[in-house]
$ cat work.txt   # compact mmCIF, C-alpha atoms and all ligand atoms
# COMPACT_ATOMS: atom_id res chain seq x y z
CA MET A 1 0.00 0.00 0.00
CA ASN A 2 1.30 3.40 -0.76
CA PHE A 3 -0.84 5.80 1.35
CA LYS A 4 0.88 8.89 0.04
CA LYS A 5 -0.79 12.22 0.73
CA ALA A 6 -1.77 13.72 -2.57
CA LEU A 7 -2.97 17.01 -3.97
CA LEU A 8 -5.21 16.48 -6.97
CA ILE A 9 -5.51 18.96 -9.83
CA THR A 10 -8.55 18.43 -12.04
CA TYR A 11 -11.40 20.16 -13.89
CA PRO A 12 -14.26 21.86 -12.00
CA ILE A 13 -16.76 19.31 -13.32
CA GLU A 14 -18.40 16.87 -10.92
CA GLU A 15 -17.83 13.85 -13.16
CA SER A 16 -14.15 14.71 -13.68
CA VAL A 17 -13.64 15.20 -9.96
CA ASN A 18 -15.32 11.89 -9.12
CA GLU A 19 -13.45 9.96 -11.75
CA ALA A 20 -10.10 11.51 -10.82
CA LEU A 21 -10.79 10.72 -7.15
CA SER A 22 -11.61 7.09 -8.01
CA LEU A 23 -8.41 6.82 -10.02
CA ALA A 24 -6.37 8.30 -7.16
CA GLU A 25 -7.99 5.96 -4.67
CA ALA A 26 -7.50 2.95 -6.94
CA ALA A 27 -3.79 3.81 -7.15
CA GLY A 28 -3.63 3.99 -3.35
CA TYR A 29 -3.29 7.74 -2.77
CA ILE A 30 -5.05 9.72 -0.08
CA VAL A 31 -6.29 12.95 -1.63
CA LYS A 32 -5.92 15.74 0.92
CA ARG A 33 -6.92 18.61 -1.34
CA ILE A 34 -8.53 19.05 -4.73
CA VAL A 35 -7.59 22.04 -6.85
CA LYS A 36 -10.17 22.61 -9.58
CA GLN A 37 -9.21 24.58 -12.65
CA LYS A 38 -10.98 25.19 -15.94
CA HIS A 39 -7.73 25.23 -17.87
CA ILE A 40 -5.19 22.58 -16.98
CA THR A 41 -3.40 22.25 -20.30
CA ARG A 42 -1.46 25.53 -20.18
CA SER A 43 2.03 25.31 -21.59
CA LYS A 44 4.27 26.15 -18.63
CA TYR A 45 2.78 24.40 -15.59
CA GLY A 46 -0.41 22.90 -16.98
CA ILE A 47 -2.27 25.31 -14.71
CA GLY A 48 -1.81 29.11 -14.74
CA LYS A 49 1.18 30.67 -13.01
CA GLY A 50 -0.78 32.19 -10.10
CA LYS A 51 -2.47 28.88 -9.42
CA ALA A 52 0.84 27.04 -9.63
CA TYR A 53 2.21 29.23 -6.83
CA GLU A 54 -0.93 28.57 -4.79
CA VAL A 55 -0.37 24.84 -5.28
CA LYS A 56 3.20 25.25 -4.10
CA ASP A 57 1.99 26.83 -0.83
CA LEU A 58 -0.69 24.19 -0.36
CA VAL A 59 1.89 21.43 -0.83
CA ASN A 60 3.95 22.92 2.00
CA ASP A 61 1.05 23.74 4.30
CA LEU A 62 -0.61 20.35 3.97
CA ASN A 63 2.56 18.29 3.91
CA ILE A 64 1.70 16.82 0.54
CA ASP A 65 3.86 13.96 -0.81
CA ILE A 66 2.78 13.95 -4.41
CA ILE A 67 0.80 15.96 -6.98
CA LEU A 68 -1.74 14.13 -9.15
CA PHE A 69 -2.50 15.94 -12.36
CA ASP A 70 -5.65 14.82 -14.17
CA GLU A 71 -4.35 15.49 -17.66
CA VAL A 72 -1.56 14.16 -19.81
CA LEU A 73 1.49 16.36 -19.19
CA LYS A 74 4.48 17.03 -21.38
CA PRO A 75 7.87 16.57 -19.67
CA THR A 76 8.43 20.36 -19.62
CA GLN A 77 5.15 21.01 -17.81
CA GLN A 78 5.91 18.21 -15.38
CA TYR A 79 9.44 19.51 -14.85
CA ASN A 80 8.35 23.11 -14.29
CA LEU A 81 5.68 22.20 -11.76
CA ALA A 82 8.00 19.70 -10.03
CA SER A 83 10.76 22.29 -9.72
CA LEU A 84 8.34 24.87 -8.35
CA CYS A 85 6.70 22.57 -5.81
CA LYS A 86 9.67 20.24 -5.19
CA LYS A 87 7.38 17.25 -5.51
CA ASP A 88 6.93 14.56 -8.13
CA ILE A 89 4.00 15.01 -10.47
CA ILE A 90 1.93 12.05 -11.60
CA ASP A 91 -0.13 12.77 -14.69
CA ARG A 92 -3.29 10.92 -15.74
CA GLU A 93 -1.46 8.40 -17.89
CA ARG A 94 1.03 7.50 -15.21
CA LEU A 95 -1.74 7.20 -12.66
CA ILE A 96 -3.61 4.74 -14.88
CA LEU A 97 -0.40 2.80 -15.43
CA GLU A 98 0.14 2.63 -11.65
CA ILE A 99 -3.35 1.23 -11.11
CA PHE A 100 -2.83 -1.36 -13.81
CA GLU A 101 0.48 -2.29 -12.24
CA ARG A 102 -1.15 -2.83 -8.84
CA ARG A 103 -3.95 -4.91 -10.32
CA ALA A 104 -2.03 -7.04 -12.80
CA SER A 105 -2.37 -10.65 -11.76
CA THR A 106 -1.47 -12.73 -14.80
CA SER A 107 1.98 -12.94 -16.34
CA GLU A 108 0.54 -11.59 -19.57
CA SER A 109 -0.91 -8.49 -17.93
CA HIS A 110 2.40 -7.91 -16.11
CA ILE A 111 4.23 -7.89 -19.43
CA GLN A 112 1.60 -5.65 -21.00
CA ILE A 113 1.84 -3.07 -18.23
CA LYS A 114 5.63 -3.11 -18.25
CA LEU A 115 5.57 -2.55 -22.00
CA ALA A 116 3.12 0.32 -21.65
CA GLN A 117 5.33 1.89 -18.95
CA LEU A 118 8.39 1.66 -21.18
CA ARG A 119 6.44 3.26 -24.03
CA TYR A 120 5.38 6.06 -21.68
CA GLU A 121 9.05 6.64 -20.88
CA MET A 122 10.13 6.29 -24.49
CA VAL A 123 8.06 9.19 -25.80
CA ARG A 124 9.36 11.39 -23.01
CA ILE A 125 12.96 10.34 -22.56
CA LYS A 126 14.67 12.82 -24.91
CA GLU A 127 13.03 15.81 -23.33
CA LYS A 128 13.38 14.46 -19.81
CA VAL A 129 17.12 13.92 -20.20
CA LYS A 130 17.52 17.41 -21.63
CA LEU A 131 15.65 18.88 -18.66
CA ALA A 132 17.50 16.73 -16.12
CA LYS A 133 20.78 18.12 -17.44
CA ILE A 134 19.60 21.65 -16.55
CA GLY A 135 19.01 20.62 -12.95
CA GLU A 136 17.47 17.61 -11.31
CA GLN A 137 13.93 17.76 -9.96
CA PRO A 138 11.62 15.15 -8.44
CA GLY A 139 10.71 12.69 -11.18
CA PHE A 140 13.89 13.42 -13.11
CA PHE A 141 16.51 12.06 -10.69
CA GLY A 142 19.54 10.39 -12.18
CA LEU A 143 18.45 11.02 -15.73
CA GLY A 144 21.10 13.65 -16.48
CA LYS A 145 23.94 11.14 -16.19
CA TYR A 146 23.91 9.75 -19.74
CA ASP A 147 22.85 11.01 -23.13
CA ALA A 148 19.30 10.37 -24.26
CA ASP A 149 20.58 7.85 -26.84
CA VAL A 150 21.83 5.58 -24.09
CA TYR A 151 18.43 5.52 -22.41
CA THR A 152 16.65 5.09 -25.73
CA LEU A 153 18.80 2.10 -26.56
CA ALA A 154 18.20 0.52 -23.17
CA LEU A 155 14.44 1.11 -23.40
CA ASN A 156 14.39 -0.33 -26.90
CA SER A 157 16.14 -3.50 -25.92
CA GLN A 158 13.89 -3.99 -22.87
CA MET A 159 10.88 -3.42 -25.07
CA SER A 160 11.89 -5.93 -27.68
CA ILE A 161 12.35 -8.62 -25.03
CA LEU A 162 8.87 -7.93 -23.69
CA LYS A 163 7.37 -7.84 -27.17
CA LYS A 164 8.80 -11.30 -27.87
CA LYS A 165 7.25 -12.60 -24.68
CA LEU A 166 3.91 -11.09 -25.66
CA GLU A 167 4.13 -12.63 -29.11
CA LYS A 168 4.42 -16.01 -27.43
CA GLU A 169 1.27 -15.30 -25.44
CA GLU A 170 -0.44 -14.15 -28.62
CA LYS A 171 0.49 -17.41 -30.34
CA ARG A 172 -0.96 -19.37 -27.45
CA ARG A 173 -4.18 -17.36 -27.72
CA THR A 174 -4.38 -17.86 -31.47
CA LEU A 175 -3.92 -21.60 -31.06
CA TYR A 176 -6.68 -21.71 -28.48
CA ARG A 177 -8.91 -19.57 -30.68
CA ASN A 178 -8.35 -21.80 -33.70
CA GLN A 179 -9.23 -24.81 -31.62
CA ARG A 180 -12.46 -23.15 -30.56
CA ASN A 181 -13.27 -22.22 -34.13
CA ARG A 182 -12.59 -25.73 -35.32
CA ILE A 183 -15.14 -27.14 -32.93
CA GLY A 184 -17.40 -24.28 -33.91
CA ILE A 185 -18.02 -22.65 -30.54
CA PRO A 186 -18.95 -18.97 -30.98
CA THR A 187 -17.39 -16.38 -28.70
CA ILE A 188 -19.13 -13.40 -27.17
CA SER A 189 -17.31 -10.60 -25.39
CA LEU A 190 -18.45 -8.21 -22.68
CA VAL A 191 -16.94 -4.77 -23.10
CA GLY A 192 -17.55 -1.35 -21.62
CA TYR A 193 -16.29 1.47 -19.49
CA THR A 194 -14.67 0.49 -16.22
CA SER A 195 -17.29 -0.17 -13.47
CA ALA A 196 -20.16 -0.46 -15.98
CA GLY A 197 -21.00 -3.87 -14.48
CA LYS A 198 -19.38 -6.29 -16.93
CA THR A 199 -18.13 -8.76 -14.35
CA THR A 200 -21.37 -8.62 -12.35
CA LEU A 201 -23.19 -9.64 -15.53
CA PHE A 202 -20.53 -12.21 -16.40
CA ASN A 203 -20.95 -13.82 -12.97
CA SER A 204 -24.73 -13.78 -13.20
CA LEU A 205 -24.75 -15.40 -16.64
CA THR A 206 -22.06 -18.00 -16.02
CA GLY A 207 -22.45 -18.69 -12.31
CA GLU A 208 -18.85 -17.58 -11.73
CA SER A 209 -17.70 -15.53 -8.76
CA LYS A 210 -15.08 -13.27 -10.26
CA ALA A 211 -14.22 -10.12 -8.31
CA VAL A 212 -16.52 -7.13 -8.82
CA GLY A 213 -16.07 -3.75 -7.20
CA LYS A 214 -16.81 -0.05 -7.06
CA GLU A 215 -13.17 0.73 -7.77
CA MET A 216 -12.05 1.23 -11.33
CA PHE A 217 -10.25 -1.53 -13.24
CA THR A 218 -11.30 -4.43 -11.05
CA THR A 219 -10.81 -6.76 -13.99
CA LEU A 220 -7.49 -6.63 -15.78
CA SER A 221 -7.31 -9.82 -17.78
CA THR A 222 -9.72 -11.48 -20.11
CA PHE A 223 -11.53 -14.41 -18.61
CA THR A 224 -13.64 -16.87 -20.59
CA ARG A 225 -16.35 -19.30 -19.51
CA ALA A 226 -18.79 -21.52 -21.35
CA LEU A 227 -22.40 -20.47 -21.34
CA TYR A 228 -25.42 -22.49 -22.42
CA ILE A 229 -28.09 -20.48 -24.08
CA ASN A 230 -31.77 -21.20 -24.48
CA SER A 231 -31.56 -23.74 -27.26
CA ASN A 232 -28.91 -25.61 -25.26
CA GLN A 233 -26.21 -24.33 -27.52
CA LYS A 234 -22.81 -23.61 -26.09
CA VAL A 235 -21.14 -20.23 -26.48
CA LEU A 236 -18.05 -18.84 -24.81
CA LEU A 237 -18.43 -15.60 -22.88
CA SER A 238 -15.38 -13.41 -22.23
CA ASP A 239 -15.12 -10.71 -19.60
CA THR A 240 -12.59 -8.03 -20.53
CA VAL A 241 -10.62 -5.12 -19.12
CA GLY A 242 -12.67 -1.90 -18.75
CA PHE A 243 -12.03 1.21 -20.79
CA VAL A 244 -11.37 4.69 -19.47
CA ASN A 245 -11.24 8.15 -21.04
CA LYS A 246 -7.95 9.27 -22.47
CA LEU A 247 -6.55 5.76 -22.40
CA PRO A 248 -3.16 6.26 -24.03
CA ALA A 249 -2.65 4.72 -27.45
CA TYR A 250 0.35 2.69 -26.33
CA MET A 251 -1.73 1.20 -23.56
CA ILE A 252 -4.25 0.00 -26.12
CA ASP A 253 -1.31 -1.30 -28.08
CA ALA A 254 0.11 -3.13 -25.10
CA PHE A 255 -3.28 -4.69 -24.44
CA LYS A 256 -3.79 -5.61 -28.04
CA SER A 257 -3.46 -9.34 -27.49
CA THR A 258 -6.24 -9.16 -24.90
CA LEU A 259 -8.35 -6.82 -27.00
CA ASN A 260 -7.86 -9.03 -30.03
CA GLU A 261 -10.32 -11.40 -28.41
CA LEU A 262 -12.94 -8.81 -29.36
CA VAL A 263 -11.97 -8.90 -33.01
CA TYR A 264 -12.63 -12.63 -33.14
CA SER A 265 -15.91 -12.48 -31.22
CA GLN A 266 -19.14 -13.16 -33.05
CA LEU A 267 -20.96 -10.72 -30.81
CA ILE A 268 -19.97 -7.83 -28.57
CA LEU A 269 -22.10 -7.00 -25.55
CA LEU A 270 -21.37 -3.35 -24.79
CA VAL A 271 -22.33 -2.70 -21.17
CA ILE A 272 -23.34 0.89 -20.40
CA ASP A 273 -24.02 2.26 -16.90
CA ILE A 274 -27.30 3.95 -17.82
CA SER A 275 -27.82 5.33 -14.30
CA GLN A 276 -25.18 8.01 -14.91
CA THR A 277 -25.91 11.45 -16.34
CA LEU A 278 -26.40 11.60 -20.09
CA LYS A 279 -23.30 13.73 -20.45
CA ASN A 280 -21.18 11.22 -18.62
CA ILE A 281 -22.62 8.26 -20.51
CA LYS A 282 -21.87 10.03 -23.77
CA ILE A 283 -18.22 10.64 -22.90
CA ASN A 284 -17.74 7.09 -21.63
CA LEU A 285 -19.57 5.48 -24.53
CA ASN A 286 -17.52 7.48 -27.00
CA SER A 287 -14.26 6.17 -25.60
CA CYS A 288 -15.60 2.61 -25.86
CA LEU A 289 -16.78 3.14 -29.43
CA HIS A 290 -13.48 4.73 -30.32
CA ILE A 291 -11.60 1.59 -29.33
CA ILE A 292 -14.16 -0.70 -31.00
CA ASN A 293 -13.73 1.38 -34.11
CA GLU A 294 -9.97 1.20 -33.89
CA LEU A 295 -10.18 -2.57 -33.72
CA GLN A 296 -12.34 -2.38 -36.87
CA ILE A 297 -15.23 -4.24 -35.33
CA PRO A 298 -18.40 -3.73 -37.41
CA SER A 299 -21.18 -1.96 -35.51
CA THR A 300 -23.59 -4.74 -36.49
CA LYS A 301 -21.79 -7.01 -34.04
CA VAL A 302 -22.51 -4.70 -31.10
CA LEU A 303 -25.43 -5.20 -28.75
CA TYR A 304 -26.00 -2.41 -26.22
CA LEU A 305 -26.90 -3.38 -22.68
CA LEU A 306 -28.27 -0.49 -20.63
CA ASN A 307 -27.16 -1.73 -17.22
CA LYS A 308 -28.04 -0.60 -13.67
CA VAL A 309 -31.60 0.14 -14.74
CA ASP A 310 -32.57 -0.66 -11.12
CA LEU A 311 -31.06 2.72 -10.22
CA THR A 312 -33.31 4.53 -12.70
CA THR A 313 -36.34 3.57 -14.85
CA VAL A 314 -36.73 1.60 -18.05
CA ASN A 315 -38.22 4.70 -19.68
CA ASP A 316 -35.26 6.83 -18.66
CA ALA A 317 -32.93 4.17 -20.05
CA TYR A 318 -34.72 4.16 -23.43
CA GLU A 319 -34.89 7.95 -23.45
CA LYS A 320 -31.15 8.18 -22.86
CA SER A 321 -30.37 5.54 -25.47
CA LYS A 322 -32.39 7.53 -28.02
CA MET A 323 -30.44 10.68 -27.16
CA LEU A 324 -27.25 8.70 -27.62
CA GLY A 325 -28.40 7.91 -31.14
CA LEU A 326 -28.81 4.18 -30.50
CA LYS A 327 -31.75 3.05 -32.56
CA TYR A 328 -33.44 -0.25 -33.24
CA PRO A 329 -33.20 -2.16 -35.58
CA SER A 330 -29.62 -1.33 -36.52
CA ASN A 331 -28.71 -1.21 -32.83
CA ILE A 332 -30.24 -3.65 -30.42
CA VAL A 333 -30.65 -1.98 -27.08
CA LEU A 334 -31.74 -3.80 -23.93
CA PRO A 335 -32.24 -2.32 -20.46
CA ILE A 336 -30.97 -4.74 -17.84
CA SER A 337 -29.84 -4.98 -14.26
CA ALA A 338 -26.92 -7.30 -13.73
CA LYS A 339 -27.49 -6.88 -10.01
CA THR A 340 -31.19 -7.78 -9.75
CA GLY A 341 -31.20 -10.03 -12.82
CA TYR A 342 -33.80 -7.89 -14.60
CA ASN A 343 -33.91 -8.85 -18.30
CA THR A 344 -30.69 -10.85 -18.13
CA ASN A 345 -32.50 -13.93 -19.50
CA LYS A 346 -33.42 -11.81 -22.54
CA ILE A 347 -29.74 -11.44 -23.32
CA LEU A 348 -29.68 -15.17 -23.93
CA ASP A 349 -32.69 -14.84 -26.25
CA VAL A 350 -30.94 -12.19 -28.28
CA ILE A 351 -27.74 -14.25 -28.49
CA ASP A 352 -29.87 -17.15 -29.68
CA VAL A 353 -31.41 -14.98 -32.39
CA LEU A 354 -28.23 -13.31 -33.49
CA ILE A 355 -25.93 -16.30 -33.45
CA TYR A 356 -28.16 -19.22 -34.25
CA GLY A 357 -31.06 -17.46 -35.95
CA ASN A 358 -33.48 -19.18 -33.55
CA ASN A 359 -36.79 -17.72 -32.37
CA LEU A 360 -36.93 -14.78 -34.73
CA GLU A 361 -40.18 -13.47 -33.20
CA ILE A 362 -38.12 -11.98 -30.43
CA GLN A 363 -37.57 -8.90 -32.56
CA ASN A 364 -41.23 -8.02 -32.27
CA SER A 365 -41.69 -8.84 -28.62
CA GLY A 366 -41.63 -5.21 -27.54
CA ASP A 367 -38.78 -5.74 -25.14
CA PHE A 368 -36.29 -4.04 -27.32
CA GLN A 369 -36.13 -0.45 -28.32
CA LYS A 370 -38.03 0.39 -31.46
N1 LIG A 401 -27.21 -0.96 -8.76
C1 LIG A 401 -26.49 -1.72 -9.59
N2 LIG A 401 -25.17 -1.87 -9.40
C2 LIG A 401 -24.48 -2.64 -10.25
C3 LIG A 401 -25.11 -3.32 -11.35
N3 LIG A 401 -24.16 -3.99 -12.02
C4 LIG A 401 -22.98 -3.75 -11.38
N4 LIG A 401 -23.17 -2.95 -10.31
C5 LIG A 401 -22.15 -2.46 -9.37
O1 LIG A 401 -21.22 -1.68 -10.11
C6 LIG A 401 -19.89 -1.84 -9.60
C7 LIG A 401 -18.96 -2.27 -10.71
O2 LIG A 401 -19.31 -3.57 -11.14
P1 LIG A 401 -18.30 -4.54 -11.88
O3 LIG A 401 -19.08 -5.73 -12.32
O4 LIG A 401 -17.07 -4.79 -11.08
O5 LIG A 401 -17.94 -3.63 -13.14
P2 LIG A 401 -16.91 -3.93 -14.33
O6 LIG A 401 -17.53 -3.35 -15.56
O7 LIG A 401 -16.56 -5.36 -14.37
O8 LIG A 401 -15.68 -3.02 -13.90
P3 LIG A 401 -14.09 -3.19 -14.25
O9 LIG A 401 -13.71 -4.62 -14.06
O10 LIG A 401 -13.46 -2.29 -13.25
O11 LIG A 401 -13.94 -2.73 -15.64
C8 LIG A 401 -20.00 -2.86 -8.47
O12 LIG A 401 -20.06 -2.16 -7.25
C9 LIG A 401 -21.31 -3.58 -8.75
O13 LIG A 401 -21.93 -4.08 -7.59
C10 LIG A 401 -26.53 -3.15 -11.51
O14 LIG A 401 -27.18 -3.66 -12.41
N5 LIG A 401 -27.15 -2.33 -10.60
MG MG A 402 -14.77 -6.30 -14.18

$ encode --input "work.txt" --output "C-alpha cells"
Amino acid sequence: MNFKKALLITYPIEESVNEALSLAEAAGYIVKRIVKQKHITRSKYGIGKGKAYEVKDLVNDLNIDIILFDEVLKPTQQYNLASLCKKDIIDRERLILEIFERRASTSESHIQIKLAQLRYEMVRIKEKVKLAKIGEQPGFFGLGKYDADVYTLALNSQMSILKKKLEKEEKRRTLYRNQRNRIGIPTISLVGYTSAGKTTLFNSLTGESKAVGKEMFTTLSTFTRALYINSNQKVLLSDTVGFVNKLPAYMIDAFKSTLNELVYSQLILLVIDISQTLKNIKINLNSCLHIINELQIPSTKVLYLLNKVDLTTVNDAYEKSKMLGLKYPSNIVLPISAKTGYNTNKILDVIDVLIYGNNLEIQNSGDFQK
C-alpha cells in the first residue's frame, strides 16, 4: 500500500472530480486537497502561473507527498511544476499505469503493463534527459547522467524482449482460438467502461464468482467461460478489461493481445451504466466506441446493454439511449440490471437470435427499443 498524501488537480466538473478521485484511490493515494481549474493544459505548468504558486503553498502547508495531475502532461510542464513545488507530479497516464500495475495478476498483464510503462518513458525520454541536465527535480533524478541515446537504446532492448514474450502469449491465444473455431463454438465478449458492471453480468450469466467492485479496473485480464443459451447451444463468454477516457494509445497497443479477443468475437455486448448522467454516458460510450472502431469491429456485431436500470427507470434508459443515437433495428438496445437479474435472460434470447437465428419473433416482442 502506498498511502501517500496527494494534492489532486482536475477540472471543476463533478464527473471529472469523481473519476479523478476514483483513479487516485485505486492507485492507493489519499487525496488531501482538490484544486479545480478550468484550464489545466497551459504550456508552462499545466495550470496558470498564479495557481501554480498557490499549489506550491498548499503542498507545504498540507505536507503533501505527491501531486496528481488529471491530464496528460508534457515533460516540460511536469518539470516546471515539479521544480516549483519540489514534488513529483503524476499525470493521468502514469496514474492509470500505476493502477494497472497494482492490479495485474497474470503474467501476460504484467508484461503488458511493463511494456506500456516503457512506451510512456520512451516518448518522453529525450526531453526528460535534456531537462534533467539543466538541474534535477523530483521525477527526473539520475536522468542527467547519460545522453538520451543511451536511455533510448536501453528502453528499446527492454521493449523488444517484452514484445517477444507477448508474441508467445499471442500465439498461445491464437492456437486456443483456432481450436475453438474448429469445434465451432462462438465467442461473445463483454466490453464497456470500467465499473459499468461487466463482471457482475458475467458472474450472473455464467455462475462464476469473479471479483466485482466499485473501484475502477477491477478486472485486468480477459476471462472466458462456457455459457449455455436457451436452445442448449454452447457459447463462450469473455469478460474483458474496462475502458477509461484518455486511455493512451500505447496502452491499447500493449493490451492488443487481450483486446484481439474482441476482433474474433461473433458478438460484442457493450455494457453501459445507464444510471449516470447523459453527459457522462456520452463521454464514456464514445471512448468505448473509439476503441471498438480502432479494432475495426463492425457496428452490427454490437449489442448495447443499458445496465443498472434498477437505479433509474426503463423509460429513462430508453430515453437516454435515443439521445445517444442508439436506434433499433440497426442497434439492439436492452435495459438490464446485472445486479437484480432484470432482463438478463433476454440477453440469452438475443444471443440465440443473433448467433443461431433461432426464435426470430423476439424482434417483435416489444422488449427491445423500437
Ligand atoms: N445498482 C447496480 N449496481 C451494479 C449493477 N451492475 C454492477 N453494479 C455495481 O457496479 C460496480 C462495478 O461492477 P463490476 O461488475 O465490477 O464492473 P466492471 O464493468 O466489471 O468493472 P471493471 O472490471 O473495473 O472494468 C459494483 O459495485 C457492482 O456491484 C446493476 O445492475 N445495478
Ligand atoms: Mg470487471

$ atom_distance --input "work.txt" --atom1 "CA of Ser221 in chain A" --atom2 "CA of Leu190 in chain A"
12.3 Å

$ residues_near_ligand --input "work.txt" --ligand "ligand MG 402 (chain A)" --cutoff "10 Å" --atoms "all atoms listed in the file" --output "PyMOL selection string"
chain A and resi 190-203+210-223+239-242

$ closest_residue --input "work.txt" --among "A:Val353, A:Ala116, A:Ile332, A:Leu269" --to "ligand LIG 401 (chain A)" --atoms "only C-alpha atoms and all ligand atoms"
A:Leu269

$ closest_residue --input "work.txt" --among "A:Leu324, A:Leu115, A:Leu306, A:Leu143" --to "Lys128 in chain A" --atoms "only C-alpha atoms"
A:Leu143

$ atom_distance --input "work.txt" --atom1 "CA of Ala338 in chain A" --atom2 "atom O8 of ligand LIG 401 (chain A)"
12.0 Å

$ residues_around --input "work.txt" --residues "Gln112 in chain A" --least-positions-apart "4" --cutoff "8 Å" --atoms "all atoms listed in the file" --output "compact mmCIF listing (two decimals) with C-alpha atoms, keeping the file's coordinate frame"
# COMPACT_ATOMS: atom_id res chain seq x y z
CA GLU A 108 0.54 -11.59 -19.57
CA ALA A 116 3.12 0.32 -21.65
CA LEU A 166 3.91 -11.09 -25.66
CA ALA A 254 0.11 -3.13 -25.10
CA PHE A 255 -3.28 -4.69 -24.44

$ residues_around --input "work.txt" --residues "Asn286 in chain A" --least-positions-apart "4" --cutoff "10 Å" --atoms "only C-alpha atoms" --output "PyMOL selection string"
chain A and resi 193+245+280-282+290-292+324

$ write_last_selection --input "work.txt" --atoms "C-alpha atoms" --output "tab-separated table (two decimals), in the coordinates of the input"
chain	number	residue	atom	x	y	z
A	193	TYR	CA	-16.29	1.47	-19.49
A	245	ASN	CA	-11.24	8.15	-21.04
A	280	ASN	CA	-21.18	11.22	-18.62
A	281	ILE	CA	-22.62	8.26	-20.51
A	282	LYS	CA	-21.87	10.03	-23.77
A	290	HIS	CA	-13.48	4.73	-30.32
A	291	ILE	CA	-11.60	1.59	-29.33
A	292	ILE	CA	-14.16	-0.70	-31.00
A	324	LEU	CA	-27.25	8.70	-27.62

$ axis_aligned_box --input "work.txt" --around "range 97-115 of chain A" --padding-each-side "4 Å" --output "JSON"
{"center_x": 0.8, "center_y": -5.1, "center_z": -15.4, "size_x": 17.6, "size_y": 23.7, "size_z": 21.2}

$ residues_around --input "work.txt" --residues "Leu23 in chain A" --least-positions-apart "6" --cutoff "12 Å" --atoms "all atoms listed in the file" --output "ChimeraX atom specification"
/A:8,10,16-17,29-31,68-70,90-100,194-195,214-218,244-245

$ residues_around --input "work.txt" --residues "range 234-236 of chain A" --least-positions-apart "4" --cutoff "9 Å" --atoms "only C-alpha atoms" --output "number ranges by chain"
A: 185-189, 224-229

$ closest_residue --input "work.txt" --among "A:Gln137, A:Pro75, A:Lys163, A:Ser157" --to "Val123 in chain A" --atoms "only C-alpha atoms"
A:Pro75

$ atom_distance --input "work.txt" --atom1 "CA of Ile272 in chain A" --atom2 "CA of Lys339 in chain A"
13.6 Å

$ closest_residue --input "work.txt" --among "A:Thr313, A:Asn80, A:Asn307, A:Ser275" --to "ligand LIG 401 (chain A)" --atoms "all atoms listed in the file"
A:Asn307

$ closest_residue --input "work.txt" --among "A:Gly50, A:Gly135, A:Gly341, A:Gly357" --to "ligand LIG 401 (chain A)" --atoms "only C-alpha atoms and all ligand atoms"
A:Gly341

$ closest_residue --input "work.txt" --among "A:Lys114, A:Lys301, A:Arg103, A:Lys130" --to "ligand LIG 401 (chain A)" --atoms "all atoms listed in the file"
A:Arg103

$ build_atoms --input "work.txt" --residues "range 193-207 of chain A" --atoms "N, CA and C atoms" --output "PDB file, in the frame of the given file"
ATOM      1  N   TYR A 193     -17.073   0.599 -20.345  1.00  0.00           N
ATOM      2  CA  TYR A 193     -16.290   1.470 -19.490  1.00  0.00           C
ATOM      3  C   TYR A 193     -16.041   0.768 -18.150  1.00  0.00           C
ATOM      4  N   THR A 194     -14.952   1.107 -17.502  1.00  0.00           N
ATOM      5  CA  THR A 194     -14.670   0.490 -16.220  1.00  0.00           C
ATOM      6  C   THR A 194     -15.829   0.768 -15.230  1.00  0.00           C
ATOM      7  N   SER A 195     -16.206  -0.232 -14.463  1.00  0.00           N
ATOM      8  CA  SER A 195     -17.290  -0.170 -13.470  1.00  0.00           C
ATOM      9  C   SER A 195     -18.700  -0.148 -14.067  1.00  0.00           C
ATOM     10  N   ALA A 196     -18.832  -0.451 -15.359  1.00  0.00           N
ATOM     11  CA  ALA A 196     -20.160  -0.460 -15.980  1.00  0.00           C
ATOM     12  C   ALA A 196     -20.986  -1.659 -15.492  1.00  0.00           C
ATOM     13  N   GLY A 197     -20.286  -2.687 -14.994  1.00  0.00           N
ATOM     14  CA  GLY A 197     -21.000  -3.870 -14.480  1.00  0.00           C
ATOM     15  C   GLY A 197     -20.763  -5.122 -15.303  1.00  0.00           C
ATOM     16  N   LYS A 198     -19.675  -5.149 -16.059  1.00  0.00           N
ATOM     17  CA  LYS A 198     -19.380  -6.290 -16.930  1.00  0.00           C
ATOM     18  C   LYS A 198     -19.231  -7.592 -16.140  1.00  0.00           C
ATOM     19  N   THR A 199     -18.405  -7.537 -15.101  1.00  0.00           N
ATOM     20  CA  THR A 199     -18.130  -8.760 -14.350  1.00  0.00           C
ATOM     21  C   THR A 199     -19.362  -9.221 -13.565  1.00  0.00           C
ATOM     22  N   THR A 200     -20.136  -8.259 -13.051  1.00  0.00           N
ATOM     23  CA  THR A 200     -21.370  -8.620 -12.350  1.00  0.00           C
ATOM     24  C   THR A 200     -22.268  -9.411 -13.293  1.00  0.00           C
ATOM     25  N   LEU A 201     -22.364  -8.949 -14.531  1.00  0.00           N
ATOM     26  CA  LEU A 201     -23.190  -9.640 -15.530  1.00  0.00           C
ATOM     27  C   LEU A 201     -22.561 -10.984 -15.904  1.00  0.00           C
ATOM     28  N   PHE A 202     -21.259 -10.985 -16.080  1.00  0.00           N
ATOM     29  CA  PHE A 202     -20.530 -12.210 -16.400  1.00  0.00           C
ATOM     30  C   PHE A 202     -20.811 -13.278 -15.341  1.00  0.00           C
ATOM     31  N   ASN A 203     -20.689 -12.887 -14.077  1.00  0.00           N
ATOM     32  CA  ASN A 203     -20.950 -13.820 -12.970  1.00  0.00           C
ATOM     33  C   ASN A 203     -22.379 -14.320 -13.007  1.00  0.00           C
ATOM     34  N   SER A 204     -23.314 -13.386 -13.232  1.00  0.00           N
ATOM     35  CA  SER A 204     -24.730 -13.780 -13.200  1.00  0.00           C
ATOM     36  C   SER A 204     -25.062 -14.724 -14.350  1.00  0.00           C
ATOM     37  N   LEU A 205     -24.452 -14.527 -15.504  1.00  0.00           N
ATOM     38  CA  LEU A 205     -24.750 -15.400 -16.640  1.00  0.00           C
ATOM     39  C   LEU A 205     -24.042 -16.738 -16.573  1.00  0.00           C
ATOM     40  N   THR A 206     -22.840 -16.760 -15.980  1.00  0.00           N
ATOM     41  CA  THR A 206     -22.060 -18.000 -16.020  1.00  0.00           C
ATOM     42  C   THR A 206     -22.023 -18.736 -14.668  1.00  0.00           C
ATOM     43  N   GLY A 207     -22.513 -18.062 -13.618  1.00  0.00           N
ATOM     44  CA  GLY A 207     -22.450 -18.690 -12.310  1.00  0.00           C
ATOM     45  C   GLY A 207     -21.055 -18.615 -11.692  1.00  0.00           C
TER      46      GLY A 207
END
